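Raw query_3.csv, CSV, C-alpha atoms and all ligand atoms:
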```csv
chain,number,residue,atom,x,y,z
K,1,MET,CA,-81.8,-93.2,-62.9
K,2,ASP,CA,-85.0,-94.0,-64.8
K,3,ASP,CA,-84.0,-93.5,-68.4
K,4,THR,CA,-80.6,-94.5,-69.8
K,5,SER,CA,-81.4,-95.5,-73.3
K,6,ASP,CA,-79.1,-94.1,-76.0
K,7,ASN,CA,-81.1,-91.2,-77.2
K,8,SER,CA,-83.5,-90.6,-74.3
K,9,PHE,CA,-82.6,-88.8,-71.1
K,10,ASP,CA,-84.3,-87.9,-67.8
K,11,VAL,CA,-83.4,-84.3,-68.5
K,12,VAL,CA,-82.2,-82.4,-71.6
K,13,VAL,CA,-80.5,-79.1,-70.7
K,14,VAL,CA,-80.6,-76.7,-73.6
K,15,GLY,CA,-77.7,-74.3,-73.3
K,16,GLY,CA,-74.5,-75.0,-71.5
K,17,GLY,CA,-73.5,-71.6,-70.0
K,18,ALA,CA,-73.2,-71.1,-66.2
K,19,ALA,CA,-76.9,-71.6,-65.6
K,20,GLY,CA,-77.3,-74.8,-67.7
K,21,LEU,CA,-74.0,-76.4,-66.5
K,22,ALA,CA,-74.8,-75.7,-62.8
K,23,GLY,CA,-78.2,-77.2,-63.3
K,24,ALA,CA,-76.7,-80.2,-65.2
K,25,LEU,CA,-74.2,-80.8,-62.4
K,26,THR,CA,-76.9,-80.9,-59.8
K,27,LEU,CA,-78.9,-83.3,-61.9
K,28,VAL,CA,-76.1,-85.7,-62.7
K,29,ARG,CA,-75.2,-85.8,-59.0
K,30,ALA,CA,-78.8,-86.7,-58.3
K,31,ARG,CA,-78.2,-89.7,-60.6
K,32,ARG,CA,-80.3,-88.4,-63.5
K,33,SER,CA,-79.3,-89.1,-67.1
K,34,VAL,CA,-78.6,-85.7,-68.5
K,35,LEU,CA,-77.7,-84.4,-71.9
K,36,VAL,CA,-76.5,-80.8,-72.3
K,37,ILE,CA,-76.9,-79.4,-75.9
K,38,ASP,CA,-74.8,-76.4,-76.3
K,39,SER,CA,-73.9,-74.1,-79.2
K,40,GLY,CA,-70.9,-72.8,-77.3
K,41,SER,CA,-71.4,-69.0,-77.2
K,42,PRO,CA,-71.8,-67.9,-73.6
K,43,ARG,CA,-72.8,-64.3,-73.3
K,44,ASN,CA,-69.6,-63.2,-71.7
K,45,ALA,CA,-67.3,-64.9,-74.2
K,46,PRO,CA,-66.0,-61.5,-75.6
K,47,ALA,CA,-64.5,-60.7,-72.2
K,48,ALA,CA,-61.1,-62.1,-71.3
K,49,HIS,CA,-61.9,-62.3,-67.6
K,50,MET,CA,-64.9,-62.9,-65.4
K,51,HIS,CA,-65.2,-61.0,-62.2
K,52,GLY,CA,-67.2,-61.0,-59.0
K,53,TYR,CA,-67.7,-64.7,-58.7
K,54,LEU,CA,-66.4,-65.8,-55.3
K,55,GLY,CA,-63.5,-68.2,-55.7
K,56,GLN,CA,-63.4,-67.7,-59.5
K,57,ASP,CA,-62.6,-64.0,-59.8
K,58,GLY,CA,-60.4,-63.2,-62.8
K,59,GLU,CA,-61.1,-66.7,-64.4
K,60,SER,CA,-61.7,-66.6,-68.1
K,61,PRO,CA,-65.2,-67.5,-69.3
K,62,ALA,CA,-63.7,-70.2,-71.4
K,63,ALA,CA,-61.9,-71.8,-68.4
K,64,LEU,CA,-65.1,-71.7,-66.3
K,65,SER,CA,-67.0,-73.4,-69.1
K,66,ALA,CA,-64.3,-76.1,-69.6
K,67,LYS,CA,-64.2,-76.8,-65.8
K,68,GLY,CA,-68.0,-77.0,-65.7
K,69,ARG,CA,-68.2,-79.3,-68.6
K,70,ALA,CA,-65.6,-81.6,-67.1
K,71,GLU,CA,-67.4,-81.7,-63.8
K,72,VAL,CA,-70.7,-82.6,-65.5
K,73,ALA,CA,-69.0,-85.2,-67.7
K,74,GLY,CA,-67.2,-86.6,-64.6
K,75,TYR,CA,-70.5,-87.7,-63.2
K,76,GLY,CA,-71.7,-89.3,-66.5
K,77,GLY,CA,-73.4,-86.3,-68.0
K,78,GLU,CA,-73.2,-85.9,-71.8
K,79,ILE,CA,-72.3,-82.6,-73.4
K,80,ARG,CA,-73.3,-82.5,-77.1
K,81,PRO,CA,-72.2,-79.6,-79.3
K,82,GLY,CA,-75.0,-78.2,-81.4
K,83,THR,CA,-78.1,-76.1,-81.5
K,84,ALA,CA,-81.6,-77.1,-80.4
K,85,VAL,CA,-84.0,-75.4,-82.8
K,86,ALA,CA,-87.4,-76.6,-81.5
K,87,ALA,CA,-89.1,-79.0,-79.1
K,88,ASP,CA,-92.5,-80.8,-79.1
K,89,ARG,CA,-94.4,-81.9,-76.1
K,90,LEU,CA,-95.5,-85.5,-76.7
K,91,PRO,CA,-98.9,-86.9,-75.5
K,92,ASP,CA,-97.2,-88.7,-72.5
K,93,GLY,CA,-95.8,-85.3,-71.3
K,94,SER,CA,-92.2,-86.0,-72.4
K,95,PHE,CA,-90.4,-84.0,-75.1
K,96,LEU,CA,-88.8,-84.4,-78.4
K,97,VAL,CA,-86.0,-81.9,-79.0
K,98,ARG,CA,-85.0,-81.1,-82.6
K,99,CYS,CA,-81.4,-80.1,-83.3
K,100,GLY,CA,-80.1,-78.0,-86.1
K,101,ASP,CA,-78.3,-81.0,-87.7
K,102,GLY,CA,-81.6,-82.8,-88.1
K,103,THR,CA,-81.2,-85.2,-85.1
K,104,THR,CA,-83.7,-85.5,-82.3
K,105,VAL,CA,-83.5,-86.5,-78.7
K,106,ARG,CA,-86.1,-87.5,-76.1
K,107,ALA,CA,-86.4,-85.9,-72.7
K,108,ARG,CA,-88.7,-86.5,-69.7
K,109,ARG,CA,-88.0,-83.0,-68.6
K,110,LEU,CA,-86.5,-79.9,-70.1
K,111,LEU,CA,-84.3,-77.3,-68.6
K,112,VAL,CA,-83.7,-74.4,-71.0
K,113,ALA,CA,-80.8,-72.0,-70.2
K,114,THR,CA,-80.2,-70.4,-73.6
K,115,GLY,CA,-79.3,-66.9,-72.3
K,116,LEU,CA,-79.8,-63.7,-74.3
K,117,VAL,CA,-78.4,-61.7,-77.1
K,118,ASP,CA,-77.0,-58.2,-76.3
K,119,GLU,CA,-78.3,-55.9,-79.1
K,120,LEU,CA,-75.7,-53.1,-79.2
K,121,PRO,CA,-76.1,-49.5,-80.4
K,122,ALA,CA,-75.3,-49.2,-84.1
K,123,VAL,CA,-72.1,-47.3,-83.9
K,124,PRO,CA,-69.4,-48.5,-86.4
K,125,GLY,CA,-66.6,-50.4,-84.7
K,126,LEU,CA,-68.5,-50.7,-81.3
K,127,GLY,CA,-69.3,-54.4,-81.6
K,128,ALA,CA,-65.6,-55.3,-82.1
K,129,ARG,CA,-64.7,-53.7,-78.7
K,130,TRP,CA,-67.7,-55.2,-76.8
K,131,GLY,CA,-66.6,-56.8,-73.5
K,132,ARG,CA,-63.1,-55.3,-73.8
K,133,ASP,CA,-63.5,-51.6,-73.4
K,134,VAL,CA,-67.1,-51.2,-74.6
K,135,LEU,CA,-68.9,-52.2,-71.4
K,136,HIS,CA,-72.3,-52.2,-69.7
K,137,CYS,CA,-71.8,-53.6,-66.2
K,138,PRO,CA,-69.6,-51.9,-63.6
K,139,TYR,CA,-69.8,-54.8,-61.3
K,140,CYS,CA,-68.2,-57.0,-64.0
K,141,HIS,CA,-65.6,-54.5,-65.3
K,142,GLY,CA,-65.7,-51.3,-63.3
K,143,TRP,CA,-62.7,-52.1,-61.2
K,144,GLU,CA,-60.6,-52.8,-64.3
K,145,VAL,CA,-61.2,-49.3,-65.8
K,146,ARG,CA,-61.4,-47.4,-62.5
K,147,ASP,CA,-60.2,-43.8,-62.6
K,148,ARG,CA,-60.0,-43.8,-66.4
K,149,PRO,CA,-61.9,-41.3,-68.4
K,150,ILE,CA,-65.2,-43.1,-69.1
K,151,ALA,CA,-67.8,-42.0,-71.7
K,152,VAL,CA,-71.4,-43.0,-71.4
K,153,LEU,CA,-73.3,-43.3,-74.7
K,154,ALA,CA,-76.9,-41.9,-74.4
K,155,ASP,CA,-79.3,-43.5,-76.8
K,156,GLY,CA,-82.1,-43.9,-74.2
K,157,PRO,CA,-83.2,-42.9,-70.8
K,158,LEU,CA,-81.0,-45.4,-69.0
K,159,ALA,CA,-77.9,-43.3,-69.8
K,160,LEU,CA,-78.4,-41.0,-66.9
K,161,HIS,CA,-78.7,-43.9,-64.5
K,162,GLN,CA,-75.5,-45.4,-66.0
K,163,ALA,CA,-73.6,-42.1,-65.6
K,164,GLN,CA,-74.6,-42.0,-61.9
K,165,LEU,CA,-73.6,-45.6,-61.4
K,166,TRP,CA,-70.2,-45.5,-63.2
K,167,ARG,CA,-69.4,-42.3,-61.3
K,168,GLN,CA,-68.6,-44.7,-58.4
K,169,TRP,CA,-65.7,-46.1,-60.3
K,170,SER,CA,-64.3,-42.9,-61.9
K,171,GLU,CA,-64.6,-39.2,-61.3
K,172,ARG,CA,-64.0,-38.6,-65.1
K,173,ILE,CA,-67.4,-39.4,-66.6
K,174,THR,CA,-68.5,-37.9,-69.9
K,175,LEU,CA,-72.1,-38.2,-71.0
K,176,LEU,CA,-72.3,-38.3,-74.8
K,177,ALA,CA,-75.7,-37.0,-75.7
K,178,HIS,CA,-75.5,-38.9,-79.0
K,179,THR,CA,-79.1,-39.6,-80.2
K,180,TRP,CA,-80.8,-38.8,-76.9
K,181,ARG,CA,-82.4,-35.5,-76.0
K,182,LEU,CA,-81.3,-34.8,-72.4
K,183,THR,CA,-83.8,-33.0,-70.3
K,184,ALA,CA,-83.1,-29.9,-68.1
K,185,GLU,CA,-83.3,-32.2,-65.1
K,186,ASP,CA,-80.7,-34.6,-66.7
K,187,ARG,CA,-78.3,-31.7,-67.2
K,188,GLU,CA,-78.8,-30.4,-63.7
K,189,LEU,CA,-78.1,-33.9,-62.3
K,190,SER,CA,-75.0,-34.2,-64.5
K,191,ALA,CA,-73.7,-30.9,-63.3
K,192,ALA,CA,-74.3,-31.8,-59.7
K,193,LEU,CA,-72.3,-35.0,-60.1
K,194,GLY,CA,-69.5,-33.4,-62.1
K,195,VAL,CA,-70.4,-35.4,-65.2
K,196,ARG,CA,-69.4,-33.6,-68.4
K,197,VAL,CA,-72.1,-33.5,-71.1
K,198,VAL,CA,-70.9,-33.5,-74.8
K,199,GLU,CA,-73.4,-32.9,-77.6
K,200,GLY,CA,-73.2,-34.5,-81.0
K,201,GLU,CA,-73.8,-37.9,-82.5
K,202,VAL,CA,-71.0,-40.5,-82.0
K,203,THR,CA,-69.9,-41.8,-85.4
K,204,GLY,CA,-67.0,-44.1,-84.5
K,205,LEU,CA,-64.4,-45.3,-82.1
K,206,VAL,CA,-60.7,-44.4,-81.9
K,207,VAL,CA,-58.6,-47.4,-81.2
K,208,GLN,CA,-54.8,-47.2,-80.8
K,209,GLU,CA,-52.6,-50.2,-80.1
K,210,ASP,CA,-55.6,-52.3,-79.5
K,211,ARG,CA,-57.0,-49.9,-76.8
K,212,LEU,CA,-59.9,-47.6,-77.0
K,213,THR,CA,-58.7,-44.0,-76.6
K,214,GLY,CA,-61.7,-42.0,-77.7
K,215,VAL,CA,-64.8,-41.6,-79.8
K,216,THR,CA,-65.4,-39.5,-82.9
K,217,LEU,CA,-68.4,-37.2,-83.2
K,218,ALA,CA,-70.2,-36.1,-86.4
K,219,GLY,CA,-68.1,-33.2,-87.6
K,220,GLY,CA,-64.8,-34.9,-86.6
K,221,ALA,CA,-64.2,-33.9,-83.0
K,222,VAL,CA,-62.7,-36.6,-80.8
K,223,VAL,CA,-63.7,-37.1,-77.2
K,224,GLU,CA,-61.1,-38.9,-75.2
K,225,CYS,CA,-62.1,-42.0,-73.2
K,226,GLY,CA,-60.6,-45.3,-72.0
K,227,ALA,CA,-63.9,-47.1,-71.8
K,228,LEU,CA,-67.3,-46.6,-73.4
K,229,VAL,CA,-70.4,-47.5,-71.5
K,230,VAL,CA,-73.5,-48.6,-73.5
K,231,ALA,CA,-77.0,-50.0,-72.6
K,232,PRO,CA,-77.6,-53.0,-74.8
K,233,ARG,CA,-81.1,-54.2,-75.4
K,234,PHE,CA,-81.5,-57.7,-73.9
K,235,THR,CA,-83.2,-60.1,-76.3
K,236,ALA,CA,-84.0,-63.6,-74.9
K,237,ARG,CA,-82.7,-66.5,-76.9
K,238,SER,CA,-86.1,-68.1,-76.8
K,239,GLY,CA,-86.5,-70.2,-80.0
K,240,VAL,CA,-87.0,-73.5,-78.2
K,241,LEU,CA,-89.3,-72.0,-75.7
K,242,SER,CA,-91.4,-70.2,-78.4
K,243,SER,CA,-91.7,-73.5,-80.3
K,244,LEU,CA,-93.3,-74.9,-77.1
K,245,GLY,CA,-95.8,-72.0,-77.0
K,246,LEU,CA,-94.0,-70.1,-74.2
K,247,PRO,CA,-93.8,-66.5,-75.3
K,248,THR,CA,-91.4,-63.8,-74.4
K,249,VAL,CA,-92.5,-60.7,-72.5
K,250,VAL,CA,-91.1,-57.2,-72.4
K,251,MET,CA,-89.0,-56.7,-69.3
K,252,GLU,CA,-89.1,-53.3,-67.6
K,253,ARG,CA,-86.9,-51.6,-65.1
K,254,ASP,CA,-88.2,-48.4,-63.4
K,255,GLY,CA,-90.9,-48.3,-66.1
K,256,LEU,CA,-88.4,-48.6,-68.9
K,257,ALA,CA,-88.3,-51.4,-71.4
K,258,ILE,CA,-84.9,-53.0,-71.3
K,259,GLY,CA,-85.5,-56.2,-73.3
K,260,THR,CA,-87.3,-59.5,-73.4
K,261,CYS,CA,-87.4,-62.6,-71.3
K,262,VAL,CA,-89.5,-65.7,-70.7
K,263,GLU,CA,-91.5,-65.6,-67.5
K,264,SER,CA,-90.9,-68.3,-64.8
K,265,ASP,CA,-91.4,-68.9,-61.1
K,266,PRO,CA,-88.7,-66.9,-59.4
K,267,ASP,CA,-87.9,-69.6,-56.9
K,268,THR,CA,-87.8,-72.7,-59.1
K,269,GLY,CA,-87.7,-71.5,-62.8
K,270,ALA,CA,-90.9,-73.4,-63.6
K,271,THR,CA,-92.6,-72.1,-66.7
K,272,ALA,CA,-96.3,-72.2,-67.5
K,273,LEU,CA,-95.8,-75.5,-69.4
K,274,PRO,CA,-95.5,-78.5,-67.1
K,275,GLY,CA,-92.1,-80.3,-67.6
K,276,VAL,CA,-90.2,-77.2,-68.7
K,277,TRP,CA,-88.0,-75.1,-66.5
K,278,VAL,CA,-85.8,-72.2,-67.3
K,279,ALA,CA,-82.7,-70.7,-65.7
K,280,GLY,CA,-80.3,-67.8,-66.3
K,281,ASN,CA,-80.4,-64.8,-68.5
K,282,VAL,CA,-83.2,-66.2,-70.7
K,283,THR,CA,-85.6,-65.5,-67.8
K,284,SER,CA,-83.5,-63.0,-65.7
K,285,PRO,CA,-81.6,-60.7,-68.0
K,286,LEU,CA,-79.9,-58.8,-65.2
K,287,GLU,CA,-78.4,-61.8,-63.4
K,288,LYS,CA,-74.7,-62.3,-63.4
K,289,VAL,CA,-72.8,-65.5,-63.3
K,290,PRO,CA,-73.2,-66.3,-59.6
K,291,GLY,CA,-76.9,-65.6,-59.9
K,292,VAL,CA,-77.5,-67.7,-63.0
K,293,ALA,CA,-75.6,-70.6,-61.5
K,294,ALA,CA,-77.8,-70.4,-58.4
K,295,GLN,CA,-80.9,-70.4,-60.6
K,296,GLY,CA,-79.6,-73.4,-62.5
K,297,VAL,CA,-79.2,-75.3,-59.2
K,298,ARG,CA,-82.6,-74.3,-57.9
K,299,ALA,CA,-84.3,-75.3,-61.2
K,300,ALA,CA,-82.4,-78.7,-61.1
K,301,VAL,CA,-83.7,-79.4,-57.6
K,302,ALA,CA,-87.2,-78.6,-58.8
K,303,VAL,CA,-86.8,-80.9,-61.8
K,304,ASN,CA,-85.5,-83.7,-59.7
K,305,THR,CA,-88.3,-83.2,-57.2
K,306,ASP,CA,-90.9,-83.4,-60.0
K,307,LEU,CA,-89.4,-86.6,-61.3
K,308,ILE,CA,-89.4,-88.1,-57.8
K,309,GLU,CA,-93.0,-87.2,-57.4
K,310,ALA,CA,-93.9,-88.8,-60.7
K,311,GLN,CA,-91.9,-92.0,-59.8
K,312,THR,CA,-93.7,-92.1,-56.5
K,313,ARG,CA,-97.1,-91.8,-58.1
K,314,ARG,CA,-96.3,-94.6,-60.5
K,315,ALA,CA,-95.0,-96.8,-57.7
K,316,LEU,CA,-98.1,-96.2,-55.6
K,317,GLU,CA,-100.4,-97.0,-58.5
K,318,ALA,CA,-98.4,-100.2,-59.3
K,319,TYR,CA,-98.5,-101.2,-55.6
K,320,ARG,CA,-102.2,-100.6,-55.3
K,321,ALA,CA,-102.8,-102.6,-58.4
K,322,ARG,CA,-100.8,-105.5,-57.0
K,323,VAL,CA,-102.4,-105.6,-53.6
K,324,ALA,CA,-105.9,-105.2,-55.1
K,325,VAL,CA,-105.5,-108.5,-57.0
K,401,LIG,C1,-69.3,-58.6,-72.1
K,401,LIG,C2,-69.9,-59.3,-70.8
K,401,LIG,C3,-69.1,-59.5,-69.7
K,401,LIG,C4,-69.6,-60.0,-68.6
K,401,LIG,N1,-68.8,-60.2,-67.5
K,401,LIG,C5,-69.3,-60.7,-66.4
K,401,LIG,C6,-68.5,-60.9,-65.2
K,401,LIG,O1,-67.3,-60.5,-65.2
K,401,LIG,N2,-69.1,-61.5,-64.1
K,401,LIG,C7,-70.4,-61.9,-64.1
K,401,LIG,O2,-70.8,-62.4,-63.1
K,401,LIG,N3,-71.2,-61.7,-65.2
K,401,LIG,C8,-70.7,-61.2,-66.3
K,401,LIG,N4,-71.5,-61.0,-67.4
K,401,LIG,C9,-72.9,-61.6,-67.4
K,401,LIG,C10,-72.8,-63.1,-67.7
K,401,LIG,O3,-72.2,-63.2,-69.0
K,401,LIG,C11,-74.2,-63.7,-67.7
K,401,LIG,O4,-74.8,-63.4,-66.5
K,401,LIG,C12,-74.1,-65.2,-67.9
K,401,LIG,O5,-73.3,-65.5,-69.1
K,401,LIG,C13,-75.5,-65.8,-68.2
K,401,LIG,O6,-75.4,-67.2,-68.2
K,401,LIG,P1,-76.5,-68.1,-68.9
K,401,LIG,O7,-76.0,-69.5,-68.6
K,401,LIG,O8,-77.8,-67.6,-68.5
K,401,LIG,O9,-76.3,-67.7,-70.5
K,401,LIG,P2,-75.0,-67.8,-71.4
K,401,LIG,O10,-73.8,-67.6,-70.6
K,401,LIG,O11,-75.3,-66.9,-72.5
K,401,LIG,O12,-75.1,-69.3,-71.9
K,401,LIG,C14,-76.1,-69.8,-72.8
K,401,LIG,C15,-75.5,-70.9,-73.6
K,401,LIG,O13,-76.6,-71.5,-74.3
K,401,LIG,C16,-76.1,-71.7,-75.6
K,401,LIG,N5,-77.3,-71.7,-76.5
K,401,LIG,C17,-78.1,-70.7,-76.8
K,401,LIG,N6,-79.1,-71.1,-77.6
K,401,LIG,C18,-79.0,-72.4,-77.8
K,401,LIG,C19,-79.7,-73.4,-78.5
K,401,LIG,N7,-80.8,-73.1,-79.1
K,401,LIG,N8,-79.2,-74.7,-78.5
K,401,LIG,C20,-78.1,-75.0,-77.8
K,401,LIG,N9,-77.4,-74.1,-77.1
K,401,LIG,C21,-77.8,-72.8,-77.1
K,401,LIG,C22,-75.1,-70.6,-75.9
K,401,LIG,O14,-74.3,-70.9,-77.0
K,401,LIG,C23,-74.4,-70.5,-74.6
K,401,LIG,O15,-73.3,-71.4,-74.5
K,401,LIG,C24,-71.0,-60.4,-68.5
K,401,LIG,C25,-71.8,-60.2,-69.7
K,401,LIG,C26,-71.3,-59.6,-70.8
K,401,LIG,C27,-72.2,-59.4,-72.0
```
Entire entry expressed as structure tokens:
Amino acid sequence: MDDTSDNSFDVVVVGGGAAGLAGALTLVRARRSVLVIDSGSPRNAPAAHMHGYLGQDGESPAALSAKGRAEVAGYGGEIRPGTAVAADRLPDGSFLVRCGDGTTVRARRLLVATGLVDELPAVPGLGARWGRDVLHCPYCHGWEVRDRPIAVLADGPLALHQAQLWRQWSERITLLAHTWRLTAEDRELSAALGVRVVEGEVTGLVVQEDRLTGVTLAGGAVVECGALVVAPRFTARSGVLSSLGLPTVVMERDGLAIGTCVESDPDTGATALPGVWVAGNVTSPLEKVPGVAAQGVRAAVAVNTDLIEAQTRRALEAYRARVAV
């Protein structure tokens, strides 16, 4: 470890979700002094259970977070609750991170894993059911609602893709045209797949005994469903990166804009700014927990390698200076 003074760390990890904690764990095990600053709202917090992570399937997001924090702390890492609001790159290439409570901390390297915000369609009551029976990812929650009547809210061109996808988990799919004008091709595809199309704008959700049972349409009709599929817009939580001059870019899938992210090297998470790495949904909005954890580990290895190279350069310079005397 190079830097163990009270408020100065080899690496500050901003964001303690799966990506940040996985990175921090790798770094503390590499004997780096690590501080994780975390505001405590991982993206999947609204869901009671996390699925598809080998060995952790069905675990609650809160339990994964608690285990990860304990593992990092067990090797001497510090987890500090709070929000990093900005960072400055200092002349020596290190960083000063500014927190929302007015405190600052020094870091030789930064790993930013702040995730994203899901911008949900503006239907009254929809946000309250998010992650419960308002869903977006069948790999996360499809099994849990299999064979139920599932409605897909069309407010953009991704709805047809979602209807096709969710058809794998239930034969009872309804495409709610809502605010999107379906093309003749969309209707033909829906008919071919046995997907029912319902016209009319969705104005609310019907919830009985804490379960979604349907949606209401303008005019009052109710369409029965046990789950509602939506396509959130993914907005990178990029404040700290923006303050360092790293912009967000629009992310596209099949030519459609699905949100924003901060660009990085796909293998290491290195950004365009030396000394700053990213991991997780802030750079890869479509990755799930296993993928972001892997990114955190890869970024941590790259950070550690970079620190070793810097140490080696310093040692060589000092050695040459000594032998030259
Ligand atoms: C409803 C829902 C359910 C899901 N279910 C599953 C599932 O079952 N299985 C699965 O594999 N994936 C699931 N996902 C996807 C999963 O949530 C993400 O892939 C994962 O959370 C991304 O991890 P991350 O570390 O990149 O970001 P996050 O988990 O969002 O963590 C980011 C952390 O950084 C903190 N933070 C943000 N900004 C700052 C700041 N400025 N300063 C300090 N801290 C900050 C946040 O509070 C948060 O704790 C689900 C997603 C949603 C929306």
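Taking atom CA of Thr114 of chain K as the reference point, atom C15 of ligand LIG 401 (chain K) is found at 4.7 Å.
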Within 12 Å of Val278 of chain K, counting only C-alpha atoms, which residues show up once you throw out same-chain ones fewer than 2 positions away? Write them as an NGL selection string, please.
:K and (12-15 or 19-20 or 23 or 109-115 or 236-238 or 240-241 or 246 or 261-276 or 280-284 or 292-293 or 295-300 or 302-303)
Using only C-alpha atoms for the distances, tell me which of K:Glu188, K:Glu144, K:Asp101, K:Glu199 is nearest to Gly219 of chain K.
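Selected residue with least distance to Gly219 of chain K: K:Glu199.
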Which of these, K:Val72, K:Cys140, K:Ala321, K:Ile258, has the shortest distance to ligand LIG 401 (chain K) once you count only C-alpha atoms and all ligand atoms?
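That would be K:Cys140, the residue with the smallest distance to ligand LIG 401 (chain K).
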At most 7 Å from (-62.7, -38.7, -65.8), file frame, all atoms listed in the file: which residues, as a list in words?
Asp147, Arg148, Pro149, Ile150, Ser170, Glu171, Arg172 and Ile173 of chain K
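In this structure, atom CA of Phe95 of chain K sits 20.6 Å away from atom CA of Ala30 of chain K.
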Which of K:Gly142, K:Val230, K:Ala66, K:Leu175 sits closest to Gly194 of chain K [using all atoms listed in the file]
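When distances to Gly194 of chain K are compared using all atoms listed in the file, the smallest one comes from K:Leu175.
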Separation of atom CA of Gly259 of chain K and atom C21 of ligand LIG 401 (chain K), in Å?
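These two atoms are separated by 18.7 Å.
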Looking at K:Val195, K:Cys137, K:Ala122, K:Ala231, which one is nearest to ligand LIG 401 (chain K), with distances taken over only C-alpha atoms and all ligand atoms?
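Result for the nearest residue to ligand LIG 401 (chain K): K:Cys137.
In this comparison, which uses all atoms listed in the file, the residue of K:Gly16, K:Gly127, K:Gly245, K:Gly291 approaching Pro232 of chain K most closely is K:Gly127.
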Show me, as a list of chain:residue names, the residues that have an atom within 10 Å of Leu90 of chain K when counting only C-alpha atoms, minus same-chain residues fewer than 4 positions from it.
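The residues satisfying every condition are K:Ser94, K:Phe95, K:Leu96, K:Arg106, K:Ala107, K:Arg108.
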Could you check the closest approach to Ala73 of chain K for each of K:Thr104, K:Val36, K:Lys288, K:Phe234 and tell me which residue wins, using all atoms listed in the file?
K:Val36
All residues 7 Å or closer to Gly17 of chain K, only C-alpha atoms, same chain fewer than 4 positions away omitted, as a list in words
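Counting only C-alpha atoms, the residues come to Leu21, Pro42 and Ser65 of chain K.
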Got time to write the residues from that selection, C-alpha atoms, as a compact mmCIF listing (two decimals), keeping the file's coordinate frame?
```txt
# COMPACT_ATOMS: atom_id res chain seq x y z
CA LEU K 21 -74.00 -76.40 -66.50
CA PRO K 42 -71.80 -67.90 -73.60
CA SER K 65 -67.00 -73.40 -69.10
```
What residues have an atom no more than 9 Å from (-75.8, -47.3, -82.3) in the file's own frame, counting all atoms listed in the file, and can you write them as a PDB file with C-alpha atoms, in the coordinates of the input?
```
ATOM      1  CA  LEU K 120     -75.700 -53.100 -79.200  1.00  0.00           C
ATOM      2  CA  PRO K 121     -76.100 -49.500 -80.400  1.00  0.00           C
ATOM      3  CA  ALA K 122     -75.300 -49.200 -84.100  1.00  0.00           C
ATOM      4  CA  VAL K 123     -72.100 -47.300 -83.900  1.00  0.00           C
ATOM      5  CA  PRO K 124     -69.400 -48.500 -86.400  1.00  0.00           C
ATOM      6  CA  LEU K 126     -68.500 -50.700 -81.300  1.00  0.00           C
ATOM      7  CA  LEU K 153     -73.300 -43.300 -74.700  1.00  0.00           C
ATOM      8  CA  ASP K 155     -79.300 -43.500 -76.800  1.00  0.00           C
ATOM      9  CA  THR K 179     -79.100 -39.600 -80.200  1.00  0.00           C
ATOM     10  CA  VAL K 202     -71.000 -40.500 -82.000  1.00  0.00           C
ATOM     11  CA  THR K 203     -69.900 -41.800 -85.400  1.00  0.00           C
TER      12      THR K 203
END
```
Show which residues sit within 6 Å of Thr260 of chain K, as a CSV table (one decimal) with C-alpha atoms, keeping the file's coordinate frame. Count only C-alpha atoms, and ignore same-chain residues fewer than 4 positions away.
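Saved as out-v8.csv:
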```csv
chain,number,residue,atom,x,y,z
K,235,THR,CA,-83.2,-60.1,-76.3
K,236,ALA,CA,-84.0,-63.6,-74.9
K,249,VAL,CA,-92.5,-60.7,-72.5
K,250,VAL,CA,-91.1,-57.2,-72.4
K,251,MET,CA,-89.0,-56.7,-69.3
```
Just the residues within 6 Å of Thr216 of chain K, please, counting all atoms listed in the file, with nothing from its chain fewer than 4 positions along; format it as a PyMOL selection string.
chain K and resi 202-205+220-222
What would segment 140-147 of chain K look like with N, CA and C atoms in place, written as a CSV table (one decimal), keeping the file's coordinate frame?
```csv
chain,number,residue,atom,x,y,z
K,140,CYS,N,-69.0,-56.0,-63.2
K,140,CYS,CA,-68.2,-57.0,-64.0
K,140,CYS,C,-66.8,-56.4,-64.3
K,141,HIS,N,-66.8,-55.1,-64.7
K,141,HIS,CA,-65.6,-54.5,-65.3
K,141,HIS,C,-65.2,-53.2,-64.8
K,142,GLY,N,-66.0,-52.6,-63.8
K,142,GLY,CA,-65.7,-51.3,-63.3
K,142,GLY,C,-64.3,-51.1,-62.7
K,143,TRP,N,-64.0,-52.1,-61.9
K,143,TRP,CA,-62.7,-52.1,-61.2
K,143,TRP,C,-61.5,-52.0,-62.2
K,144,GLU,N,-61.6,-52.7,-63.3
K,144,GLU,CA,-60.6,-52.8,-64.3
K,144,GLU,C,-60.4,-51.4,-65.0
K,145,VAL,N,-61.4,-50.6,-65.1
K,145,VAL,CA,-61.2,-49.3,-65.8
K,145,VAL,C,-61.4,-48.1,-64.8
K,146,ARG,N,-61.2,-48.4,-63.5
K,146,ARG,CA,-61.4,-47.4,-62.5
K,146,ARG,C,-60.4,-46.2,-62.7
K,147,ASP,N,-61.0,-45.0,-62.5
K,147,ASP,CA,-60.2,-43.8,-62.6
K,147,ASP,C,-59.9,-43.4,-64.0
```
